[in-house]
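Undergrad: Contents of coords11.cif (mmCIF, C-alpha atoms) are below:
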```cif
data_final
#
loop_
_atom_site.label_atom_id
_atom_site.label_comp_id
_atom_site.auth_asym_id
_atom_site.auth_seq_id
_atom_site.Cartn_x
_atom_site.Cartn_y
_atom_site.Cartn_z
CA MET J 1 22.86 -6.31 -20.70
CA LYS J 2 26.24 -5.26 -19.44
CA ILE J 3 26.73 -4.31 -15.81
CA THR J 4 27.95 -0.87 -16.88
CA ALA J 5 24.78 -0.27 -18.88
CA SER J 6 22.76 -1.45 -15.92
CA LEU J 7 24.56 0.96 -13.60
CA ALA J 8 24.08 3.81 -16.05
CA ALA J 9 20.38 3.01 -16.25
CA ALA J 10 20.15 2.85 -12.47
CA ALA J 11 21.87 6.23 -12.20
CA ALA J 12 19.46 7.68 -14.74
CA ALA J 13 16.56 6.28 -12.73
CA CYS J 14 17.84 7.95 -9.58
CA ALA J 15 18.16 11.23 -11.42
CA PHE J 16 14.45 11.01 -12.20
CA ALA J 17 13.56 9.87 -8.67
CA ALA J 18 12.19 6.57 -9.90
CA PRO J 19 11.04 4.17 -7.21
CA ALA J 20 12.70 1.15 -8.78
CA SER J 21 15.98 0.77 -10.62
CA ALA J 22 15.55 1.23 -14.32
CA GLN J 23 16.69 -1.91 -16.01
CA PHE J 24 15.62 -1.67 -19.61
CA ALA J 25 17.39 -4.01 -21.98
CA LYS J 26 16.68 -1.78 -24.99
CA PRO J 27 15.51 1.82 -25.57
CA GLU J 28 12.28 0.45 -27.09
CA ASP J 29 11.55 -1.30 -23.79
CA ALA J 30 11.93 2.00 -21.92
CA ILE J 31 9.67 3.75 -24.43
CA LYS J 32 7.01 1.06 -24.22
CA TYR J 33 7.23 1.12 -20.44
CA ARG J 34 6.76 4.87 -20.11
CA GLN J 35 3.92 4.84 -22.66
CA SER J 36 2.20 2.01 -20.78
CA ALA J 37 2.65 3.65 -17.39
CA LEU J 38 1.39 7.01 -18.71
CA SER J 39 -1.58 5.27 -20.30
CA VAL J 40 -2.58 3.57 -17.04
CA MET J 41 -2.01 6.83 -15.18
CA GLY J 42 -4.14 8.72 -17.69
CA GLN J 43 -7.00 6.28 -17.30
CA HIS J 44 -7.14 6.63 -13.51
CA PHE J 45 -6.51 10.37 -13.64
CA GLY J 46 -9.32 10.65 -16.16
CA ARG J 47 -11.72 8.85 -13.85
CA LEU J 48 -11.06 11.43 -11.14
CA GLY J 49 -11.49 14.15 -13.77
CA ALA J 50 -14.86 12.75 -14.81
CA MET J 51 -16.04 13.02 -11.21
CA ALA J 52 -14.48 16.44 -10.68
CA SER J 53 -16.20 17.81 -13.78
CA GLY J 54 -19.55 16.16 -13.11
CA ARG J 55 -19.35 13.90 -16.16
CA ALA J 56 -19.53 10.93 -13.79
CA PRO J 57 -21.31 10.74 -10.42
CA PHE J 58 -19.05 11.22 -7.42
CA ASP J 59 -18.23 7.89 -5.79
CA ALA J 60 -16.03 8.30 -2.73
CA LYS J 61 -14.84 4.68 -2.77
CA ALA J 62 -13.95 4.80 -6.48
CA ALA J 63 -12.18 8.15 -5.99
CA ALA J 64 -10.09 6.69 -3.17
CA ASP J 65 -9.28 3.56 -5.21
CA ASN J 66 -8.18 5.64 -8.19
CA ALA J 67 -6.04 7.75 -5.87
CA ASP J 68 -4.34 4.63 -4.50
CA VAL J 69 -3.45 3.52 -8.01
CA LEU J 70 -2.17 6.99 -8.92
CA ALA J 71 0.02 7.10 -5.80
CA THR J 72 2.02 4.21 -7.25
CA VAL J 73 1.65 4.64 -10.99
CA SER J 74 2.40 8.38 -11.15
CA LYS J 75 5.95 7.65 -10.00
CA LEU J 76 6.70 5.15 -12.75
CA PRO J 77 6.87 6.74 -16.21
CA TRP J 78 9.87 8.99 -15.55
CA ALA J 79 12.42 6.18 -15.37
CA GLY J 80 11.54 5.43 -18.99
CA PHE J 81 12.94 8.76 -20.22
CA GLY J 82 16.59 7.91 -19.59
CA PRO J 83 19.49 8.80 -21.86
CA GLY J 84 19.23 7.27 -25.31
CA THR J 85 15.49 6.62 -25.14
CA ASP J 86 14.54 9.37 -27.57
CA LYS J 87 14.42 6.76 -30.37
CA GLY J 88 13.73 3.03 -30.70
CA ARG J 89 9.95 2.91 -31.02
CA ASP J 90 7.20 5.25 -32.16
CA THR J 91 7.11 8.05 -29.65
CA ARG J 92 5.59 11.50 -29.32
CA ALA J 93 8.31 12.53 -26.89
CA LYS J 94 9.99 15.75 -28.04
CA PRO J 95 13.79 15.99 -28.26
CA GLU J 96 13.63 18.79 -25.66
CA ILE J 97 13.19 16.12 -22.98
CA TRP J 98 16.83 15.23 -23.51
CA THR J 99 18.19 18.60 -24.65
CA ASP J 100 16.57 20.58 -21.82
CA GLN J 101 16.59 18.07 -19.00
CA ALA J 102 16.34 20.73 -16.30
CA LYS J 103 13.05 22.00 -17.71
CA PHE J 104 11.71 18.46 -18.10
CA LYS J 105 12.68 17.66 -14.53
CA GLU J 106 10.91 20.83 -13.41
CA ALA J 107 7.76 19.74 -15.25
CA GLN J 108 7.93 16.31 -13.58
CA ASP J 109 8.51 17.88 -10.18
CA ARG J 110 5.47 20.11 -10.66
CA LEU J 111 3.30 17.06 -11.33
CA LEU J 112 4.84 15.06 -8.52
CA ALA J 113 4.16 17.97 -6.14
CA GLU J 114 0.50 18.09 -7.18
CA MET J 115 -0.09 14.35 -6.95
CA PRO J 116 -0.05 14.01 -3.15
CA LYS J 117 -2.53 16.90 -2.93
CA LEU J 118 -4.80 15.26 -5.52
CA ILE J 119 -4.50 11.90 -3.79
CA ALA J 120 -5.34 13.35 -0.39
CA ALA J 121 -8.29 15.23 -1.86
CA ALA J 122 -9.57 12.14 -3.70
CA LYS J 123 -9.39 10.16 -0.47
CA SER J 124 -11.07 12.82 1.66
CA GLY J 125 -14.58 11.81 0.64
CA SER J 126 -15.34 15.38 -0.43
CA LEU J 127 -16.18 16.21 -4.03
CA ASP J 128 -15.32 19.86 -3.37
CA ASN J 129 -11.83 18.87 -2.28
CA LEU J 130 -11.45 16.75 -5.39
CA LYS J 131 -12.59 19.60 -7.61
CA SER J 132 -10.12 22.00 -5.99
CA ALA J 133 -7.15 19.67 -6.36
CA PHE J 134 -7.95 18.35 -9.81
CA GLY J 135 -7.44 21.64 -11.68
CA PRO J 136 -3.82 22.27 -10.63
CA ALA J 137 -2.93 18.59 -11.15
CA SER J 138 -4.50 18.64 -14.58
CA GLN J 139 -2.58 21.81 -15.43
CA ALA J 140 0.65 20.07 -14.40
CA CYS J 141 -0.13 17.24 -16.85
CA LYS J 142 -0.95 19.74 -19.57
CA ASN J 143 2.20 21.76 -18.93
CA CYS J 144 4.36 18.73 -19.63
CA HIS J 145 2.30 17.63 -22.64
CA ASP J 146 2.37 21.14 -24.14
CA ASN J 147 6.12 21.41 -23.82
CA PHE J 148 7.35 17.89 -24.28
CA ARG J 149 4.81 15.92 -26.31
CA LYS J 150 4.33 16.20 -30.05
CA GLU J 151 0.82 16.83 -31.40
CA MET X 1 -21.20 7.38 -21.81
CA LYS X 2 -24.65 6.48 -20.52
CA ILE X 3 -25.21 5.83 -16.84
CA THR X 4 -26.49 2.35 -17.67
CA ALA X 5 -23.29 1.54 -19.55
CA SER X 6 -21.30 2.92 -16.64
CA LEU X 7 -23.16 0.70 -14.19
CA ALA X 8 -22.66 -2.33 -16.40
CA ALA X 9 -18.96 -1.58 -16.58
CA ALA X 10 -18.81 -1.18 -12.81
CA ALA X 11 -20.58 -4.50 -12.34
CA ALA X 12 -18.13 -6.16 -14.71
CA ALA X 13 -15.27 -4.66 -12.73
CA CYS X 14 -16.64 -6.11 -9.52
CA ALA X 15 -16.91 -9.52 -11.17
CA PHE X 16 -13.20 -9.36 -11.86
CA ALA X 17 -12.37 -8.01 -8.40
CA ALA X 18 -10.93 -4.80 -9.80
CA PRO X 19 -9.81 -2.25 -7.25
CA ALA X 20 -11.42 0.67 -9.06
CA SER X 21 -14.63 0.92 -11.04
CA ALA X 22 -14.06 0.16 -14.68
CA GLN X 23 -15.15 3.14 -16.68
CA PHE X 24 -13.96 2.56 -20.19
CA ALA X 25 -15.67 4.67 -22.79
CA LYS X 26 -14.89 2.21 -25.59
CA PRO X 27 -13.71 -1.42 -25.85
CA GLU X 28 -10.44 -0.18 -27.38
CA ASP X 29 -9.79 1.84 -24.22
CA ALA X 30 -10.22 -1.27 -22.09
CA ILE X 31 -7.90 -3.25 -24.38
CA LYS X 32 -5.24 -0.54 -24.33
CA TYR X 33 -5.57 -0.29 -20.56
CA ARG X 34 -5.12 -3.99 -19.90
CA GLN X 35 -2.22 -4.17 -22.37
CA SER X 36 -0.54 -1.20 -20.68
CA ALA X 37 -1.07 -2.54 -17.19
CA LEU X 38 0.21 -5.99 -18.18
CA SER X 39 3.23 -4.39 -19.83
CA VAL X 40 4.15 -2.42 -16.70
CA MET X 41 3.50 -5.52 -14.58
CA GLY X 42 5.71 -7.61 -16.86
CA GLN X 43 8.56 -5.14 -16.59
CA HIS X 44 8.59 -5.17 -12.79
CA PHE X 45 7.96 -8.89 -12.62
CA GLY X 46 10.85 -9.38 -15.02
CA ARG X 47 13.18 -7.41 -12.79
CA LEU X 48 12.44 -9.73 -9.90
CA GLY X 49 12.94 -12.66 -12.27
CA ALA X 50 16.34 -11.37 -13.33
CA MET X 51 17.42 -11.32 -9.69
CA ALA X 52 15.83 -14.69 -8.91
CA SER X 53 17.64 -16.31 -11.84
CA GLY X 54 20.97 -14.61 -11.21
CA ARG X 55 20.86 -12.61 -14.47
CA ALA X 56 20.98 -9.46 -12.33
CA PRO X 57 22.66 -8.98 -8.96
CA PHE X 58 20.31 -9.20 -5.98
CA ASP X 59 19.46 -5.76 -4.67
CA ALA X 60 17.17 -5.90 -1.65
CA LYS X 61 15.98 -2.29 -2.04
CA ALA X 62 15.19 -2.74 -5.74
CA ALA X 63 13.42 -6.03 -5.02
CA ALA X 64 11.24 -4.34 -2.40
CA ASP X 65 10.51 -1.40 -4.72
CA ASN X 66 9.48 -3.73 -7.53
CA ALA X 67 7.28 -5.64 -5.10
CA ASP X 68 5.55 -2.41 -4.06
CA VAL X 69 4.76 -1.60 -7.68
CA LEU X 70 3.50 -5.13 -8.32
CA ALA X 71 1.23 -4.97 -5.28
CA THR X 72 -0.73 -2.22 -7.03
CA VAL X 73 -0.25 -2.99 -10.71
CA SER X 74 -1.01 -6.73 -10.56
CA LYS X 75 -4.59 -5.89 -9.58
CA LEU X 76 -5.26 -3.65 -12.55
CA PRO X 77 -5.34 -5.52 -15.87
CA TRP X 78 -8.35 -7.70 -15.12
CA ALA X 79 -10.89 -4.89 -15.23
CA GLY X 80 -9.91 -4.45 -18.87
CA PHE X 81 -11.28 -7.88 -19.87
CA GLY X 82 -14.94 -6.99 -19.39
CA PRO X 83 -17.80 -8.06 -21.65
CA GLY X 84 -17.44 -6.82 -25.22
CA THR X 85 -13.72 -6.15 -25.01
CA ASP X 86 -12.69 -9.11 -27.16
CA LYS X 87 -12.50 -6.75 -30.16
CA GLY X 88 -11.79 -3.06 -30.78
CA ARG X 89 -8.01 -2.97 -31.01
CA ASP X 90 -5.23 -5.40 -31.89
CA THR X 91 -5.20 -7.98 -29.15
CA ARG X 92 -3.72 -11.39 -28.50
CA ALA X 93 -6.50 -12.20 -26.05
CA LYS X 94 -8.16 -15.50 -26.98
CA PRO X 95 -11.97 -15.77 -27.28
CA GLU X 96 -11.87 -18.33 -24.44
CA ILE X 97 -11.50 -15.45 -21.99
CA TRP X 98 -15.12 -14.59 -22.69
CA THR X 99 -16.46 -18.05 -23.57
CA ASP X 100 -14.93 -19.77 -20.54
CA GLN X 101 -15.01 -17.05 -17.94
CA ALA X 102 -14.83 -19.45 -15.02
CA LYS X 103 -11.52 -20.84 -16.23
CA PHE X 104 -10.15 -17.35 -16.88
CA LYS X 105 -11.22 -16.24 -13.42
CA GLU X 106 -9.49 -19.31 -11.98
CA ALA X 107 -6.28 -18.37 -13.81
CA GLN X 108 -6.50 -14.82 -12.45
CA ASP X 109 -7.17 -16.10 -8.95
CA ARG X 110 -4.15 -18.36 -9.15
CA LEU X 111 -1.94 -15.39 -10.02
CA LEU X 112 -3.53 -13.15 -7.42
CA ALA X 113 -2.94 -15.85 -4.80
CA GLU X 114 0.75 -16.05 -5.71
CA MET X 115 1.35 -12.30 -5.80
CA PRO X 116 1.18 -11.64 -2.03
CA LYS X 117 3.67 -14.50 -1.51
CA LEU X 118 6.01 -13.09 -4.15
CA ILE X 119 5.66 -9.59 -2.73
CA ALA X 120 6.40 -10.75 0.82
CA ALA X 121 9.41 -12.73 -0.41
CA ALA X 122 10.73 -9.82 -2.46
CA LYS X 123 10.47 -7.56 0.58
CA SER X 124 12.08 -10.04 2.97
CA GLY X 125 15.62 -9.11 1.98
CA SER X 126 16.41 -12.75 1.23
CA LEU X 127 17.36 -13.90 -2.26
CA ASP X 128 16.47 -17.48 -1.31
CA ASN X 129 12.95 -16.40 -0.41
CA LEU X 130 12.66 -14.55 -3.71
CA LYS X 131 13.87 -17.59 -5.63
CA SER X 132 11.34 -19.84 -3.89
CA ALA X 133 8.40 -17.54 -4.55
CA PHE X 134 9.28 -16.53 -8.08
CA GLY X 135 8.82 -19.95 -9.66
CA PRO X 136 5.16 -20.50 -8.68
CA ALA X 137 4.31 -16.87 -9.53
CA SER X 138 5.97 -17.23 -12.90
CA GLN X 139 4.06 -20.47 -13.54
CA ALA X 140 0.82 -18.64 -12.75
CA CYS X 141 1.66 -16.01 -15.41
CA LYS X 142 2.56 -18.75 -17.90
CA ASN X 143 -0.61 -20.71 -17.16
CA CYS X 144 -2.75 -17.73 -18.17
CA HIS X 145 -0.61 -16.92 -21.22
CA ASP X 146 -0.65 -20.54 -22.41
CA ASN X 147 -4.41 -20.79 -22.16
CA PHE X 148 -5.62 -17.30 -22.96
CA ARG X 149 -3.03 -15.53 -25.09
CA LYS X 150 -2.46 -16.12 -28.78
CA GLU X 151 1.07 -16.86 -29.98
#
```
If you convert what's in this file into structure tokens, what do you get?
TA:
Amino acid sequence: MKITASLAAAAAACAFAAPASAQFAKPEDAIKYRQSALSVMGQHFGRLGAMASGRAPFDAKAAADNADVLATVSKLPWAGFGPGTDKGRDTRAKPEIWTDQAKFKEAQDRLLAEMPKLIAAAKSGSLDNLKSAFGPASQACKNCHDNFRKE
Amino acid sequence: MKITASLAAAAAACAFAAPASAQFAKPEDAIKYRQSALSVMGQHFGRLGAMASGRAPFDAKAAADNADVLATVSKLPWAGFGPGTDKGRDTRAKPEIWTDQAKFKEAQDRLLAEMPKLIAAAKSGSLDNLKSAFGPASQACKNCHDNFRKE
């Protein structure tokens, strides 16, 4: 990987407020990374959702643990959507991610604004707090999926 | 998902020292989860390795950021190796994971003992510290792959 490519990737990562420099050797690595990070995120988000909806019993310790994981993992996927990562591996990412970057960034920002509220609620020990915060966070996920993920 | 299945999954999670209750609806979900978590872990581990080996320039901030991600993500995959998750989705996991659980647990423990040392080194701001800690951590990854992952 050339230094210039590395710098470009790092710049792209900064643009998406990634916590670590993006250093993907190939677009397929970035795609696999974002898919993996979103998958882990979805699993832990889903566990909070199961509690919020009553499908699983509320467990304050588990809610707090899931929140801790989400605090880290929710920041990761976005670095994997850098320039040139629209192709290279099977992906449901829509071209609009790269053709309308401002709107995609807005969708990310909406999620990233909801996450601290969800995390705080999930760590509060109150199911009511979790229920209140889960809806808007879930809508932020859905907003991005509706606009930027293929069926 | 039945409550009994949920409790069994939670018990399995505890056995593997998972930070959050394992609540996988299906074995394939657990397999996808562990593969995703290992993939994210490998990416961030690899970034530290690139610095430790000189393939990438040392960047103290990036090293610390990668360490922060690893502190969370390195704890996740193990909950995905619960009972009955040897099949359900393409996997390179060897049957020995389930037939020799003590040895698999030992391999996990070895990695989880190295991770805090690697994380501390990566956050110390010293490339020499990172170099010293990366080797043993990398050997702990390899030990598990050699024994429990198919070619």
Undergrad: Give me, as a list in words, all polymer residues having an atom no more than 12 Å from Thr72 (chain X), counting all atoms listed in the file and skipping those fewer than 5 positions away in the same chain.
TA: Val40, Asp65, Asn66, Ala67, Asp68, Val69, Leu70, Ala71, Thr72, Val73, Ser74 and Leu76 of chain J; Ala18, Pro19, Ala20, Ala37, Leu38, Val40, Met41, His44, Asp65, Asn66, Ala67, Pro77, Leu112, Met115, Pro116 and Ile119 of chain X
Undergrad: Can you pull out the residues contacting region 129-134 of chain J? Cut-off 10 Å, using only C-alpha atoms, and skip same-chain residues under 4 positions away; I want them as an MDAnalysis selection string.
TA: chainID J and resid 45 48:49 51:54 58 60 63 114:125 138:140
Undergrad: Would you compute the distance between CA of Phe24 (chain J) and CA of Gly88 (chain X)? Give it in Å to one decimal.
TA: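 Computing the Euclidean distance for CA of Phe24 (chain J) and CA of Gly88 (chain X) yields 29.6 Å.
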Undergrad: Pick out the residues sitting within 8 Å of region 85-87 of chain X, and hand them over as a count of residues only; count all atoms listed in the file, and ignore anything fewer than 5 positions along from it in its own chain.
TA: 9
Undergrad: Please evaluate the PyMOL selection byres ((chain J and resi 143) around 12) against the structure above and give the resulting residues as number ranges by chain.
TA: J: 103-104, 106-111, 136-142, 144-149
Undergrad: Edge lengths and centre, in Å to one decimal, as AutoDock Vina command-line options: that's what I need for the box along x, y and z that holds all listed atoms of region 37-51 of chain J plus 3 Å on each side.
TA:
```
--center_x -6.7 --center_y 8.9 --center_z -15.7 --size_x 24.7 --size_y 16.6 --size_z 15.2
```
Undergrad: Have a look at CA of Ala64 (chain X) and CA of Trp78 (chain J) and let me know their distance in Å, one decimal.
TA: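 Spanning CA of Ala64 (chain X) to CA of Trp78 (chain J) is a straight-line distance of 18.8 Å.
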Undergrad: Using CA of Ser39 (chain X) and CA of Gly82 (chain J) as the two end points, give the distance in Å to one decimal.
TA: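 CA of Gly82 (chain J) lies 18.2 Å from CA of Ser39 (chain X).
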Undergrad: So, with only C-alpha atoms as the atoms that count, which of J:Gln23, J:Ser36, J:Thr99, J:Ser126 lies closest to chain X?
TA: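 Of all the options, J:Ser36 lies closest to chain X.
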